[in-house]
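The structure file final.pdb is reproduced below (PDB, C-alpha atoms).
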ATOM      1  CA  MET A 265       7.954 -20.722  13.911
ATOM      2  CA  GLY A 266       8.793 -21.947  10.421
ATOM      3  CA  VAL A 267       6.659 -21.400   7.361
ATOM      4  CA  ILE A 268       3.983 -24.090   7.684
ATOM      5  CA  LYS A 269       2.229 -22.797  10.799
ATOM      6  CA  PRO A 270       1.775 -19.211   9.478
ATOM      7  CA  ALA A 271       0.545 -20.600   6.156
ATOM      8  CA  ILE A 272      -2.061 -22.755   7.885
ATOM      9  CA  ALA A 273      -3.131 -19.810  10.040
ATOM     10  CA  ASP A 274      -3.496 -17.651   6.927
ATOM     11  CA  ALA A 275      -5.576 -20.327   5.187
ATOM     12  CA  VAL A 276      -7.938 -20.588   8.145
ATOM     13  CA  LEU A 277      -8.287 -16.831   8.577
ATOM     14  CA  THR A 278      -8.777 -16.189   4.856
ATOM     15  CA  GLY A 279     -11.459 -18.853   4.616
ATOM     16  CA  MET A 280     -13.282 -17.286   7.544
ATOM     17  CA  TRP A 281     -12.893 -13.811   6.054
ATOM     18  CA  VAL A 282     -14.265 -14.743   2.631
ATOM     19  CA  PHE A 283     -17.184 -16.539   4.266
ATOM     20  CA  CYS A 284     -18.071 -13.643   6.569
ATOM     21  CA  ALA A 285     -17.269 -10.720   4.255
ATOM     22  CA  SER A 286     -19.475 -12.238   1.562
ATOM     23  CA  THR A 287     -22.503 -11.712   3.787
ATOM     24  CA  LEU A 288     -21.981  -7.960   4.184
ATOM     25  CA  GLY A 289     -24.247  -7.103   1.264
ATOM     26  CA  VAL A 290     -27.018  -9.328   2.596
ATOM     27  CA  LEU A 291     -26.688  -7.981   6.132
ATOM     28  CA  THR A 292     -26.659  -4.390   4.903
ATOM     29  CA  SER A 293     -29.830  -5.002   2.902
ATOM     30  CA  LEU A 294     -31.619  -6.666   5.812
ATOM     31  CA  ILE A 295     -30.651  -3.976   8.331
ATOM     32  CA  ALA A 296     -31.554  -1.179   5.908
ATOM     33  CA  SER A 297     -34.939  -2.802   5.366
ATOM     34  CA  VAL A 298     -35.593  -3.007   9.097
ATOM     35  CA  LEU A 299     -34.513   0.608   9.658
ATOM     36  CA  GLY A 300     -36.380   1.828   6.587
ATOM     37  CA  VAL A 301     -33.378   3.562   5.034
ATOM     38  CA  GLN A 302     -31.959   3.474   1.535
ATOM     39  CA  GLY A 303     -29.465   5.148  -0.772
ATOM     40  CA  MET A 304     -26.313   6.621   0.741
ATOM     41  CA  ALA A 305     -27.498   5.823   4.270
ATOM     42  CA  THR A 306     -26.781   2.164   3.595
ATOM     43  CA  LEU A 307     -23.074   3.012   3.256
ATOM     44  CA  LEU A 308     -22.988   3.877   6.948
ATOM     45  CA  ILE A 309     -24.518   0.505   7.783
ATOM     46  CA  THR A 310     -21.928  -1.253   5.628
ATOM     47  CA  THR A 311     -19.120   0.769   7.211
ATOM     48  CA  VAL A 312     -20.221  -0.225  10.710
ATOM     49  CA  LEU A 313     -20.420  -3.876   9.673
ATOM     50  CA  VAL A 314     -16.950  -3.736   8.087
ATOM     51  CA  PHE A 315     -15.611  -2.067  11.239
ATOM     52  CA  VAL A 316     -16.982  -4.841  13.453
ATOM     53  CA  LEU A 317     -15.727  -7.545  11.118
ATOM     54  CA  VAL A 318     -12.221  -6.103  10.769
ATOM     55  CA  PHE A 319     -11.964  -5.505  14.517
ATOM     56  CA  ILE A 320     -12.901  -9.110  15.256
ATOM     57  CA  PHE A 321     -10.563 -10.466  12.586
ATOM     58  CA  ASN A 322      -7.695  -8.379  13.933
ATOM     59  CA  ILE A 323      -8.147 -10.130  17.268
ATOM     60  CA  ILE A 324      -8.373 -13.549  15.633
ATOM     61  CA  GLY A 325      -5.364 -12.816  13.427
ATOM     62  CA  ASP A 326      -3.280 -11.812  16.439
ATOM     63  CA  ALA A 327      -4.379 -14.967  18.279
ATOM     64  CA  LEU A 328      -3.202 -16.996  15.270
ATOM     65  CA  GLY A 329       0.243 -15.423  15.431
ATOM     66  CA  GLY A 330      -0.228 -12.504  13.036
ATOM     67  CA  ALA A 331      -2.265 -14.274  10.357
ATOM     68  CA  SER A 332      -3.428 -12.291   7.321
ATOM     69  CA  PHE A 333      -6.264 -12.782   4.833
ATOM     70  CA  ASN A 334      -4.904 -10.570   2.053
ATOM     71  CA  PRO A 335      -1.736 -11.359   0.054
ATOM     72  CA  THR A 336      -1.251  -7.727  -0.967
ATOM     73  CA  ALA A 337      -1.348  -6.658   2.683
ATOM     74  CA  THR A 338       1.255  -9.294   3.551
ATOM     75  CA  ALA A 339       3.469  -8.149   0.677
ATOM     76  CA  SER A 340       3.044  -4.433   1.350
ATOM     77  CA  PHE A 341       4.000  -4.623   5.022
ATOM     78  CA  TYR A 342       7.065  -6.616   4.013
ATOM     79  CA  ALA A 343       7.989  -4.078   1.333
ATOM     80  CA  ALA A 344       7.465  -1.227   3.783
ATOM     81  CA  GLY A 345       9.882  -2.839   6.221
ATOM     82  CA  ALA A 346       7.210  -3.447   8.852
ATOM     83  CA  SER A 347       7.139  -7.232   8.708
ATOM     84  CA  ALA A 348       9.488  -9.962   9.862
ATOM     85  CA  ASP A 349       8.314 -12.254   7.047
ATOM     86  CA  SER A 350      10.777 -13.713   4.573
ATOM     87  CA  LEU A 351      10.245 -14.234   0.859
ATOM     88  CA  ILE A 352      10.169 -17.981   1.499
ATOM     89  CA  ALA A 353       7.451 -17.544   4.111
ATOM     90  CA  MET A 354       5.354 -15.494   1.724
ATOM     91  CA  ALA A 355       5.835 -18.125  -0.981
ATOM     92  CA  PHE A 356       3.960 -20.475   1.339
ATOM     93  CA  ARG A 357       1.471 -17.941   2.707
ATOM     94  CA  PHE A 358       0.110 -16.694  -0.626
ATOM     95  CA  PRO A 359      -1.033 -20.115  -1.914
ATOM     96  CA  ALA A 360      -2.428 -20.894   1.531
ATOM     97  CA  GLN A 361      -4.469 -17.698   1.484
ATOM     98  CA  ALA A 362      -5.781 -18.554  -1.980
ATOM     99  CA  ALA A 363      -6.706 -22.080  -0.857
ATOM    100  CA  GLY A 364      -8.439 -20.710   2.220
ATOM    101  CA  ALA A 365     -10.420 -18.311   0.057
ATOM    102  CA  VAL A 366     -11.612 -21.185  -2.117
ATOM    103  CA  GLY A 367     -12.809 -22.985   0.991
ATOM    104  CA  GLY A 368     -14.614 -19.898   2.260
ATOM    105  CA  ALA A 369     -16.290 -19.230  -1.092
ATOM    106  CA  LEU A 370     -17.387 -22.861  -1.431
ATOM    107  CA  ALA A 371     -18.787 -22.837   2.094
ATOM    108  CA  ILE A 372     -20.820 -19.626   1.783
ATOM    109  CA  ALA A 373     -22.118 -20.662  -1.647
ATOM    110  CA  GLU A 374     -23.339 -23.905  -0.087
ATOM    111  CA  VAL A 375     -25.155 -22.475   2.937
ATOM    112  CA  ILE A 376     -26.486 -19.108   1.733
ATOM    113  CA  PRO A 377     -30.279 -19.189   1.133
ATOM    114  CA  MET A 378     -31.273 -19.242  -2.513
ATOM    115  CA  GLU A 379     -32.910 -15.796  -2.400
ATOM    116  CA  TYR A 380     -29.592 -14.222  -1.413
ATOM    117  CA  LYS A 381     -27.248 -16.101  -3.734
ATOM    118  CA  HIS A 382     -27.165 -13.237  -6.233
ATOM    119  CA  MET A 383     -25.773 -10.999  -3.484
ATOM    120  CA  VAL A 384     -22.711 -13.161  -2.740
ATOM    121  CA  ALA A 385     -21.277 -13.558  -6.219
ATOM    122  CA  GLY A 386     -17.882 -12.036  -5.437
ATOM    123  CA  PRO A 387     -15.855  -9.588  -7.564
ATOM    124  CA  SER A 388     -16.187  -9.674 -11.336
ATOM    125  CA  LEU A 389     -14.812  -7.736 -14.305
ATOM    126  CA  ARG A 390     -17.455  -5.258 -15.474
ATOM    127  CA  VAL A 391     -15.393  -3.194 -17.918
ATOM    128  CA  ASP A 392     -12.809  -3.981 -20.569
ATOM    129  CA  LEU A 393      -9.702  -5.887 -19.490
ATOM    130  CA  HIS A 394      -7.173  -3.048 -19.318
ATOM    131  CA  THR A 395      -9.574  -0.596 -17.672
ATOM    132  CA  GLY A 396     -10.378  -3.201 -15.039
ATOM    133  CA  ALA A 397      -6.703  -3.939 -14.481
ATOM    134  CA  MET A 398      -5.903  -0.255 -14.033
ATOM    135  CA  ALA A 399      -8.824   0.202 -11.663
ATOM    136  CA  GLU A 400      -7.825  -2.742  -9.500
ATOM    137  CA  GLY A 401      -4.212  -1.576  -9.399
ATOM    138  CA  ILE A 402      -5.066   2.026  -8.533
ATOM    139  CA  LEU A 403      -7.633   1.090  -5.879
ATOM    140  CA  THR A 404      -5.195  -1.353  -4.283
ATOM    141  CA  PHE A 405      -2.491   1.315  -4.322
ATOM    142  CA  ILE A 406      -4.770   3.790  -2.540
ATOM    143  CA  ILE A 407      -6.076   1.405   0.102
ATOM    144  CA  THR A 408      -2.604  -0.036   0.736
ATOM    145  CA  PHE A 409      -1.054   3.389   1.256
ATOM    146  CA  ALA A 410      -3.973   4.403   3.479
ATOM    147  CA  VAL A 411      -3.719   1.258   5.611
ATOM    148  CA  LEU A 412       0.041   1.657   6.018
ATOM    149  CA  LEU A 413      -0.461   5.277   7.008
ATOM    150  CA  ILE A 414      -3.233   4.431   9.486
ATOM    151  CA  VAL A 415      -1.522   1.425  11.040
ATOM    152  CA  LEU A 416       2.068   2.688  11.184
ATOM    153  CA  ARG A 417       1.660   6.460  11.458
ATOM    154  CA  GLY A 418      -1.944   6.896  12.543
ATOM    155  CA  PRO A 419      -3.735   7.097  15.904
ATOM    156  CA  ARG A 420      -2.731   4.774  18.719
ATOM    157  CA  SER A 421      -6.279   3.652  19.442
ATOM    158  CA  PRO A 422      -7.014   0.259  17.792
ATOM    159  CA  VAL A 423     -10.687   1.200  17.621
ATOM    160  CA  LEU A 424     -10.012   4.447  15.757
ATOM    161  CA  LYS A 425      -7.522   2.718  13.463
ATOM    162  CA  THR A 426     -10.079   0.067  12.599
ATOM    163  CA  TRP A 427     -12.777   2.664  11.973
ATOM    164  CA  LEU A 428     -10.519   4.585   9.589
ATOM    165  CA  ILE A 429      -9.649   1.367   7.752
ATOM    166  CA  ALA A 430     -13.342   0.473   7.516
ATOM    167  CA  MET A 431     -14.215   3.873   6.038
ATOM    168  CA  THR A 432     -11.376   3.643   3.537
ATOM    169  CA  THR A 433     -12.374   0.124   2.511
ATOM    170  CA  VAL A 434     -16.028   1.001   1.956
ATOM    171  CA  ALA A 435     -15.049   4.114  -0.011
ATOM    172  CA  MET A 436     -12.787   2.080  -2.314
ATOM    173  CA  VAL A 437     -15.427  -0.613  -2.787
ATOM    174  CA  PHE A 438     -18.023   2.035  -3.627
ATOM    175  CA  ILE A 439     -15.723   3.714  -6.149
ATOM    176  CA  GLY A 440     -14.668   0.446  -7.764
ATOM    177  CA  SER A 441     -18.023  -1.312  -7.763
ATOM    178  CA  SER A 442     -18.670  -0.544 -11.421
ATOM    179  CA  TYR A 443     -15.196  -1.656 -12.538
ATOM    180  CA  THR A 444     -13.998  -4.888 -10.941
ATOM    181  CA  GLY A 445     -16.177  -5.485  -7.926
ATOM    182  CA  PRO A 446     -13.668  -4.488  -6.613
ATOM    183  CA  SER A 447     -11.521  -7.052  -4.797
ATOM    184  CA  MET A 448      -8.204  -5.439  -3.747
ATOM    185  CA  ASN A 449      -7.485  -8.896  -2.366
ATOM    186  CA  PRO A 450      -6.103 -11.496  -4.814
ATOM    187  CA  ALA A 451      -7.000 -14.418  -2.540
ATOM    188  CA  ASN A 452     -10.633 -13.342  -2.258
ATOM    189  CA  ALA A 453     -10.847 -12.872  -6.026
ATOM    190  CA  PHE A 454      -9.286 -16.296  -6.580
ATOM    191  CA  GLY A 455     -11.815 -18.012  -4.336
ATOM    192  CA  TRP A 456     -14.759 -16.690  -6.297
ATOM    193  CA  ALA A 457     -13.017 -17.157  -9.647
ATOM    194  CA  TYR A 458     -12.531 -20.819  -8.725
ATOM    195  CA  LEU A 459     -16.271 -21.215  -8.225
ATOM    196  CA  ASN A 460     -16.863 -19.722 -11.668
ATOM    197  CA  ASN A 461     -14.039 -21.724 -13.299
ATOM    198  CA  TRP A 462     -12.235 -18.478 -14.133
ATOM    199  CA  HIS A 463      -9.284 -18.899 -11.779
ATOM    200  CA  ASN A 464      -6.872 -20.318 -14.362
ATOM    201  CA  THR A 465      -7.262 -17.599 -16.990
ATOM    202  CA  TRP A 466      -4.848 -14.861 -17.981
ATOM    203  CA  GLU A 467      -7.595 -12.250 -17.481
ATOM    204  CA  HIS A 468      -8.041 -13.217 -13.837
ATOM    205  CA  PHE A 469      -4.309 -13.328 -13.184
ATOM    206  CA  TYR A 470      -3.734  -9.960 -14.868
ATOM    207  CA  VAL A 471      -6.596  -8.054 -13.244
ATOM    208  CA  TYR A 472      -6.723  -9.589  -9.780
ATOM    209  CA  TRP A 473      -3.101 -10.601  -9.111
ATOM    210  CA  ILE A 474      -0.538  -8.704 -11.188
ATOM    211  CA  CYS A 475      -2.089  -5.245 -10.937
ATOM    212  CA  PRO A 476      -3.077  -5.371  -7.236
ATOM    213  CA  PHE A 477       0.394  -6.611  -6.279
ATOM    214  CA  THR A 478       1.952  -3.886  -8.419
ATOM    215  CA  GLY A 479      -0.209  -1.243  -6.761
ATOM    216  CA  ALA A 480       0.474  -2.577  -3.261
ATOM    217  CA  ILE A 481       4.250  -2.804  -3.684
ATOM    218  CA  LEU A 482       4.384   0.646  -5.270
ATOM    219  CA  ALA A 483       2.367   2.090  -2.373
ATOM    220  CA  ALA A 484       4.651   0.415   0.167
ATOM    221  CA  THR A 485       7.761   1.652  -1.608
ATOM    222  CA  ILE A 486       6.530   5.234  -1.705
ATOM    223  CA  PHE A 487       5.452   4.991   1.922
ATOM    224  CA  ARG A 488       8.896   3.755   2.919
ATOM    225  CA  ILE A 489      10.524   6.645   1.048
ATOM    226  CA  LEU A 490       8.251   9.276   2.569
ATOM    227  CA  PHE A 491       8.110   8.003   6.130
ATOM    228  CA  SER A 492      10.592   6.474   8.485
ATOM    229  CA  LEU A 493       8.913   3.773  10.538
ATOM    230  CA  PRO A 494       8.682   4.693  14.230
ATOM    231  CA  VAL A 495       8.702   1.111  15.447
ATOM    232  CA  LYS A 496       8.151  -2.309  13.926
ATOM    233  CA  GLN A 497       4.495  -3.156  14.341
ATOM    234  CA  LYS A 498       2.320  -6.093  13.508
ATOM    235  CA  LYS A 499      -0.057  -6.061  10.545
ATOM    236  CA  THR A 500      -3.673  -5.129  11.099
TER     237      THR A 500
END

Have the structure of the file written as structure tokens, please.
Amino acid sequence: MGVIKPAIADAVLTGMWVFCASTLGVLTSLIASVLGVQGMATLLITTVLVFVLVFIFNIIGDALGGASFNPTATASFYAAGASADSLIAMAFRFPAQAAGAVGGALAIAEVIPMEYKHMVAGPSLRVDLHTGAMAEGILTFIITFAVLLIVLRGPRSPVLKTWLIAMTTVAMVFIGSSYTGPSMNPANAFGWAYLNNWHNTWEHFYVYWICPFTGAILAATIFRILFSLPVKQKKT
């Protein structure tokens, strides 16, 4: 299949993901307002929305030949021995994912109503540089290990797998919200950093690329040591 087609598929899927995922805060707020709930109850709403979104994107990703919208996920499945990707393929896929994220961020920033623009700002560093870098690395480590465990060693049901991934994602976002956003997805972070002209800084590269990749690869390595893969499976 070469390296160009997967890269294009990744760019398309990542752009769609950034566009759609950026509306989760707005949708949660609107649904909570209609239902008259607030506080921790809104986390359940967000979890359901993430579940639906991830489930749909899994289907789209499979239809696009195994496309992915997260560079750390692509790298971690490769490091865990659960991917047929090559290093050359990933060298094309990562920039494509970043470019797709820029397109998605530009698109949602253009069409979102003015009253909701403050709710689609993307991840941002809210603590000092090294604390933020550690937080992003640790959170990415945890979610990567959890996803590998769920996808490769978890339940067979795709619905249950997706629900577990959704719960894990929302939990990590909740924990990391006061640190880095968080992102746990370098491409997503790059898209929003590009809008804010922060994409070409050392701070962005350190917090949202180096540390998440370090956390993801470390999680995949530990997973590979602890577990023998039952069968080679596609990424979720």

What is the atom CA of Phe315 of chain A to atom CA of Gly289 of chain A distance in Å?
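Straight-line distance from atom CA of Phe315 of chain A to atom CA of Gly289 of chain A works out to 14.1 Å.
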
Centre and edges of the segment 427-436 of chain A box, axis-aligned, 4 Å extra per side, as JSON:
{"center_x": -12.8, "center_y": 2.4, "center_z": 4.8, "size_x": 14.4, "size_y": 12.5, "size_z": 22.3}

With the PyMOL selection byres ((chain A and resi 270) around 10) as the selection, what would be picked from this file? Answer as a list in words, please.
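When the PyMOL selection byres ((chain A and resi 270) around 10) is applied, the selected residues are Met265, Gly266, Val267, Ile268, Lys269, Ala271, Ile272, Ala273, Asp274, Ala275, Val276, Leu328, Gly329, Gly330, Ala331, Ser332, Asp349, Ala353, Met354, Phe356, Arg357 and Ala360 of chain A.
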
Evaluate the PyMOL selection byres ((chain A and resi 451) around 6) here and jot the selected residues down as a JSON list (two decimals) with C-alpha atoms, in the frame of the given file.
[["chain", "number", "residue", "atom", "x", "y", "z"],
["A", 361, "GLN", "CA", -4.47, -17.70, 1.48],
["A", 362, "ALA", "CA", -5.78, -18.55, -1.98],
["A", 365, "ALA", "CA", -10.42, -18.31, 0.06],
["A", 449, "ASN", "CA", -7.48, -8.90, -2.37],
["A", 450, "PRO", "CA", -6.10, -11.50, -4.81],
["A", 452, "ASN", "CA", -10.63, -13.34, -2.26],
["A", 453, "ALA", "CA", -10.85, -12.87, -6.03],
["A", 454, "PHE", "CA", -9.29, -16.30, -6.58]]

Mind giving me the straight-line distance from atom CA of His394 of chain A to atom CA of Met448 of chain A in Å, one decimal?
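For atom CA of His394 of chain A relative to atom CA of Met448 of chain A, the distance reads 15.8 Å.
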
Please, what distance in Å, to one decimal, runs between atom CA of Val366 of chain A and atom CA of Thr426 of chain A?
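Computing the Euclidean distance for atom CA of Val366 of chain A and atom CA of Thr426 of chain A yields 25.9 Å.
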
List the residues selected by the PyMOL selection byres ((chain A and resi 335-347) around 10) in the file shown, writing them as a CSV table (one decimal) with C-alpha atoms, in the frame of the given file.
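Result saved to expr24.csv:
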chain,number,residue,atom,x,y,z
A,274,ASP,CA,-3.5,-17.7,6.9
A,278,THR,CA,-8.8,-16.2,4.9
A,331,ALA,CA,-2.3,-14.3,10.4
A,332,SER,CA,-3.4,-12.3,7.3
A,333,PHE,CA,-6.3,-12.8,4.8
A,334,ASN,CA,-4.9,-10.6,2.1
A,348,ALA,CA,9.5,-10.0,9.9
A,349,ASP,CA,8.3,-12.3,7.0
A,350,SER,CA,10.8,-13.7,4.6
A,351,LEU,CA,10.2,-14.2,0.9
A,354,MET,CA,5.4,-15.5,1.7
A,357,ARG,CA,1.5,-17.9,2.7
A,358,PHE,CA,0.1,-16.7,-0.6
A,359,PRO,CA,-1.0,-20.1,-1.9
A,360,ALA,CA,-2.4,-20.9,1.5
A,361,GLN,CA,-4.5,-17.7,1.5
A,362,ALA,CA,-5.8,-18.6,-2.0
A,404,THR,CA,-5.2,-1.4,-4.3
A,405,PHE,CA,-2.5,1.3,-4.3
A,407,ILE,CA,-6.1,1.4,0.1
A,408,THR,CA,-2.6,0.0,0.7
A,409,PHE,CA,-1.1,3.4,1.3
A,411,VAL,CA,-3.7,1.3,5.6
A,412,LEU,CA,0.0,1.7,6.0
A,416,LEU,CA,2.1,2.7,11.2
A,448,MET,CA,-8.2,-5.4,-3.7
A,449,ASN,CA,-7.5,-8.9,-2.4
A,450,PRO,CA,-6.1,-11.5,-4.8
A,451,ALA,CA,-7.0,-14.4,-2.5
A,452,ASN,CA,-10.6,-13.3,-2.3
A,473,TRP,CA,-3.1,-10.6,-9.1
A,476,PRO,CA,-3.1,-5.4,-7.2
A,477,PHE,CA,0.4,-6.6,-6.3
A,478,THR,CA,2.0,-3.9,-8.4
A,479,GLY,CA,-0.2,-1.2,-6.8
A,480,ALA,CA,0.5,-2.6,-3.3
A,481,ILE,CA,4.2,-2.8,-3.7
A,482,LEU,CA,4.4,0.6,-5.3
A,483,ALA,CA,2.4,2.1,-2.4
A,484,ALA,CA,4.7,0.4,0.2
A,485,THR,CA,7.8,1.7,-1.6
A,486,ILE,CA,6.5,5.2,-1.7
A,487,PHE,CA,5.5,5.0,1.9
A,488,ARG,CA,8.9,3.8,2.9
A,489,ILE,CA,10.5,6.6,1.0
A,491,PHE,CA,8.1,8.0,6.1
A,492,SER,CA,10.6,6.5,8.5
A,493,LEU,CA,8.9,3.8,10.5
A,494,PRO,CA,8.7,4.7,14.2
A,495,VAL,CA,8.7,1.1,15.4
A,496,LYS,CA,8.2,-2.3,13.9
A,497,GLN,CA,4.5,-3.2,14.3
A,498,LYS,CA,2.3,-6.1,13.5
A,499,LYS,CA,-0.1,-6.1,10.5
A,500,THR,CA,-3.7,-5.1,11.1

Nearest to Met378 of chain A, chosen from A:Val290, A:Ile324, A:Ala399, A:Val282, with all atoms listed in the file counted in the distances:
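Checking each of A:Val290, A:Ile324, A:Ala399, A:Val282 against Met378 of chain A, counting all atoms listed in the file, the winner is A:Val290.
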
Which residues come within 12 Å of Leu291 of chain A, counting all atoms listed in the file, excluding same-chain residues fewer than 2 positions away, as a count of residues only?
24

Name the residues, using the chain letters and numbers of the file, that sit within 8 Å of (-6.0, 2.6, 12.4) when counting only C-alpha atoms, and give them as a count of residues only.
15

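Across A:Thr292, A:Ser388, A:Asn322, A:Gln302, the tightest approach to His463 of chain A is made by A:Ser388 when counting all atoms listed in the file.
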
Quick one: of A:Val391, A:Met280, A:Leu308, A:Ala371, who's nearest to Ala435 of chain A, counting all atoms listed in the file?
A:Leu308

With distances taken over only C-alpha atoms, which residue among A:Leu490, A:Ile320, A:Val471, A:Val301 lies nearest Glu400 of chain A?
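So, comparing all the options, the nearest one is A:Val471.
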
For Trp281 of chain A, which residue out of A:Gly364, A:Gly401, A:Pro377, A:Gly396 is the nearest one, using only C-alpha atoms?
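Looking at the shortest contact to Trp281 of chain A, the residue is A:Gly364.
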